[in-house]
file upload15.cif (mmCIF, N, CA and C atoms)
data_model
loop_
_atom_site.label_atom_id
_atom_site.label_comp_id
_atom_site.auth_asym_id
_atom_site.auth_seq_id
_atom_site.Cartn_x
_atom_site.Cartn_y
_atom_site.Cartn_z
N MET A 286 -13.85 -1.62 -19.64
CA MET A 286 -12.64 -0.85 -19.88
C MET A 286 -11.43 -1.75 -19.63
N SER A 287 -10.49 -1.70 -20.54
CA SER A 287 -9.30 -2.54 -20.40
C SER A 287 -8.38 -1.99 -19.32
N LYS A 288 -7.54 -2.85 -18.83
CA LYS A 288 -6.58 -2.45 -17.79
C LYS A 288 -5.66 -1.34 -18.31
N PHE A 289 -5.24 -1.48 -19.57
CA PHE A 289 -4.35 -0.48 -20.15
C PHE A 289 -5.01 0.89 -20.20
N SER A 290 -6.27 0.92 -20.59
CA SER A 290 -6.95 2.22 -20.68
C SER A 290 -7.18 2.82 -19.30
N GLU A 291 -7.38 1.98 -18.27
CA GLU A 291 -7.50 2.49 -16.90
C GLU A 291 -6.19 3.16 -16.46
N VAL A 292 -5.08 2.49 -16.73
CA VAL A 292 -3.76 3.06 -16.37
C VAL A 292 -3.53 4.35 -17.14
N SER A 293 -3.81 4.32 -18.42
CA SER A 293 -3.61 5.50 -19.27
C SER A 293 -4.47 6.66 -18.80
N GLU A 294 -5.72 6.39 -18.46
CA GLU A 294 -6.63 7.44 -17.98
C GLU A 294 -6.13 8.05 -16.68
N LEU A 295 -5.63 7.21 -15.77
CA LEU A 295 -5.10 7.71 -14.50
C LEU A 295 -3.90 8.61 -14.73
N VAL A 296 -2.98 8.18 -15.57
CA VAL A 296 -1.79 8.98 -15.86
C VAL A 296 -2.18 10.32 -16.49
N ASN A 297 -3.10 10.27 -17.45
CA ASN A 297 -3.54 11.51 -18.11
C ASN A 297 -4.25 12.45 -17.15
N SER A 298 -4.96 11.89 -16.17
CA SER A 298 -5.67 12.75 -15.22
C SER A 298 -4.72 13.49 -14.29
N LEU A 299 -3.49 13.01 -14.18
CA LEU A 299 -2.50 13.65 -13.29
C LEU A 299 -1.69 14.75 -13.98
N LYS A 300 -1.84 14.88 -15.27
CA LYS A 300 -1.01 15.81 -16.04
C LYS A 300 -1.07 17.24 -15.50
N ASP A 301 -2.28 17.76 -15.27
CA ASP A 301 -2.41 19.13 -14.79
C ASP A 301 -1.76 19.32 -13.42
N ASP A 302 -1.94 18.33 -12.54
CA ASP A 302 -1.34 18.45 -11.21
C ASP A 302 0.18 18.38 -11.28
N PHE A 303 0.73 17.57 -12.17
CA PHE A 303 2.18 17.53 -12.37
C PHE A 303 2.69 18.92 -12.77
N GLU A 304 2.02 19.52 -13.74
CA GLU A 304 2.43 20.84 -14.21
C GLU A 304 2.32 21.90 -13.11
N LYS A 305 1.22 21.86 -12.36
CA LYS A 305 1.04 22.83 -11.27
C LYS A 305 2.12 22.67 -10.21
N PHE A 306 2.46 21.44 -9.89
CA PHE A 306 3.47 21.22 -8.85
C PHE A 306 4.87 21.58 -9.32
N TYR A 307 5.27 21.04 -10.47
CA TYR A 307 6.65 21.23 -10.93
C TYR A 307 6.91 22.62 -11.51
N ASN A 308 5.92 23.21 -12.15
CA ASN A 308 6.15 24.51 -12.79
C ASN A 308 5.75 25.69 -11.92
N LYS A 309 4.74 25.50 -11.06
CA LYS A 309 4.24 26.61 -10.27
C LYS A 309 4.46 26.45 -8.78
N GLY A 310 4.96 25.28 -8.36
CA GLY A 310 5.24 25.05 -6.95
C GLY A 310 4.01 24.88 -6.08
N ASN A 311 2.90 24.49 -6.66
CA ASN A 311 1.65 24.31 -5.92
C ASN A 311 1.74 23.04 -5.07
N GLN A 312 1.78 23.22 -3.74
CA GLN A 312 1.97 22.09 -2.84
C GLN A 312 0.77 21.13 -2.82
N ALA A 313 -0.45 21.67 -2.92
CA ALA A 313 -1.64 20.82 -2.93
C ALA A 313 -1.63 19.91 -4.17
N ALA A 314 -1.15 20.43 -5.29
CA ALA A 314 -1.05 19.61 -6.50
C ALA A 314 -0.04 18.48 -6.27
N GLY A 315 1.01 18.76 -5.52
CA GLY A 315 2.00 17.73 -5.20
C GLY A 315 1.38 16.59 -4.41
N THR A 316 0.49 16.95 -3.48
CA THR A 316 -0.21 15.93 -2.70
C THR A 316 -1.08 15.06 -3.60
N ARG A 317 -1.76 15.69 -4.54
CA ARG A 317 -2.60 14.93 -5.48
C ARG A 317 -1.75 14.04 -6.38
N VAL A 318 -0.58 14.52 -6.77
CA VAL A 318 0.33 13.72 -7.59
C VAL A 318 0.78 12.49 -6.79
N ARG A 319 1.14 12.69 -5.53
CA ARG A 319 1.59 11.57 -4.70
C ARG A 319 0.48 10.54 -4.54
N LYS A 320 -0.76 10.98 -4.33
CA LYS A 320 -1.88 10.05 -4.20
C LYS A 320 -2.11 9.31 -5.51
N GLY A 321 -2.05 10.03 -6.62
CA GLY A 321 -2.25 9.40 -7.92
C GLY A 321 -1.17 8.38 -8.22
N MET A 322 0.06 8.68 -7.83
CA MET A 322 1.15 7.74 -8.08
C MET A 322 0.99 6.50 -7.21
N GLN A 323 0.47 6.66 -5.99
CA GLN A 323 0.21 5.50 -5.14
C GLN A 323 -0.89 4.63 -5.76
N ASP A 324 -1.92 5.28 -6.29
CA ASP A 324 -2.99 4.54 -6.97
C ASP A 324 -2.43 3.79 -8.18
N LEU A 325 -1.53 4.44 -8.91
CA LEU A 325 -0.90 3.81 -10.08
C LEU A 325 -0.07 2.60 -9.65
N LYS A 326 0.65 2.74 -8.57
CA LYS A 326 1.46 1.63 -8.05
C LYS A 326 0.56 0.44 -7.69
N ASN A 327 -0.54 0.71 -7.01
CA ASN A 327 -1.45 -0.36 -6.62
C ASN A 327 -2.08 -1.02 -7.84
N MET A 328 -2.45 -0.21 -8.82
CA MET A 328 -3.04 -0.73 -10.05
C MET A 328 -2.02 -1.61 -10.78
N ALA A 329 -0.78 -1.16 -10.85
CA ALA A 329 0.26 -1.93 -11.52
C ALA A 329 0.50 -3.26 -10.81
N GLN A 330 0.48 -3.24 -9.49
CA GLN A 330 0.69 -4.47 -8.73
C GLN A 330 -0.44 -5.47 -8.98
N ASP A 331 -1.68 -4.96 -9.05
CA ASP A 331 -2.82 -5.83 -9.34
C ASP A 331 -2.70 -6.46 -10.73
N ILE A 332 -2.27 -5.65 -11.69
CA ILE A 332 -2.10 -6.15 -13.07
C ILE A 332 -1.00 -7.21 -13.11
N ARG A 333 0.11 -6.96 -12.41
CA ARG A 333 1.21 -7.92 -12.38
C ARG A 333 0.74 -9.26 -11.82
N LYS A 334 -0.05 -9.20 -10.74
CA LYS A 334 -0.56 -10.43 -10.13
C LYS A 334 -1.49 -11.16 -11.09
N GLU A 335 -2.37 -10.41 -11.73
CA GLU A 335 -3.31 -11.01 -12.68
C GLU A 335 -2.56 -11.70 -13.84
N VAL A 336 -1.55 -11.03 -14.37
CA VAL A 336 -0.76 -11.60 -15.48
C VAL A 336 -0.04 -12.86 -15.01
N GLN A 337 0.53 -12.82 -13.82
CA GLN A 337 1.25 -13.99 -13.30
C GLN A 337 0.30 -15.16 -13.10
N ASP A 338 -0.89 -14.88 -12.56
CA ASP A 338 -1.87 -15.95 -12.36
C ASP A 338 -2.30 -16.57 -13.68
N LYS A 339 -2.56 -15.74 -14.71
CA LYS A 339 -2.96 -16.26 -16.01
C LYS A 339 -1.82 -17.06 -16.64
N LYS A 340 -0.60 -16.58 -16.46
CA LYS A 340 0.56 -17.28 -17.01
C LYS A 340 0.72 -18.67 -16.38
N ASN A 341 0.47 -18.75 -15.09
CA ASN A 341 0.63 -20.02 -14.39
C ASN A 341 -0.51 -21.00 -14.65
N GLU A 342 -1.67 -20.49 -15.07
CA GLU A 342 -2.81 -21.36 -15.37
C GLU A 342 -2.55 -22.22 -16.61
N GLY A 343 -2.01 -21.58 -17.64
CA GLY A 343 -1.92 -22.27 -18.93
C GLY A 343 -0.58 -22.73 -19.21
#
call {"tool": "encode", "arguments": {"input": "upload15.cif", "output": "structure tokens"}}
result
Amino acid sequence: MSKFSEVSELVNSLKDDFEKFYNKGNQAAGTRVRKGMQDLKNMAQDIRKEVQDKKNEG
């Protein structure tokens, strides 16, 4: 699985929780959104490091 599809899959998996939190005020969904966003941040940081390393190799 490509890095892009992993990021895309994570974002898509959060859609229902975003709607539950913002439209219905579901606090547990908010917690899941926060965890998912932290996972996204970590994934993005890993990708940035990988891209920088590849850029510096060649």
call {"tool": "closest_residue", "arguments": {"input": "upload15.cif", "among": "A:Met286, A:Val336, A:Val292, A:Leu299", "to": "Val318 of chain A", "atoms": "only N, CA and C atoms"}}
result
A:Leu299
call {"tool": "resolve_selection", "arguments": {"input": "upload15.cif", "expression": "the PyMOL selection byres ((chain A and resi 302) around 8)", "output": "ChimeraX atom specification"}}
result
/A:297-301,303-308,311,313-318
call {"tool": "atom_distance", "arguments": {"input": "upload15.cif", "atom1": "atom CA of Lys334 of chain A", "atom2": "atom C of Gly321 of chain A"}}
result
18.9 Å
call {"tool": "atom_distance", "arguments": {"input": "upload15.cif", "atom1": "atom N of Glu294 of chain A", "atom2": "atom CA of Gln330 of chain A"}}
result
15.9 Å
call {"tool": "residues_near_point", "arguments": {"input": "upload15.cif", "point": "(-3.9, -4.0, -20.0)", "cutoff": "10 Å", "atoms": "only C-alpha atoms", "output": "VMD selection string"}}
result
chain A and resid 286 to 293 329 332 to 333 336
call {"tool": "axis_aligned_box", "arguments": {"input": "upload15.cif", "around": "segment 290-307 of chain A", "padding_each_side": "5 Å", "output": "lines of an AutoDock Vina configuration file"}}
result
center_x = -0.3
center_y = 11.9
center_z = -14.8
size_x = 24.4
size_y = 31.9
size_z = 21.8
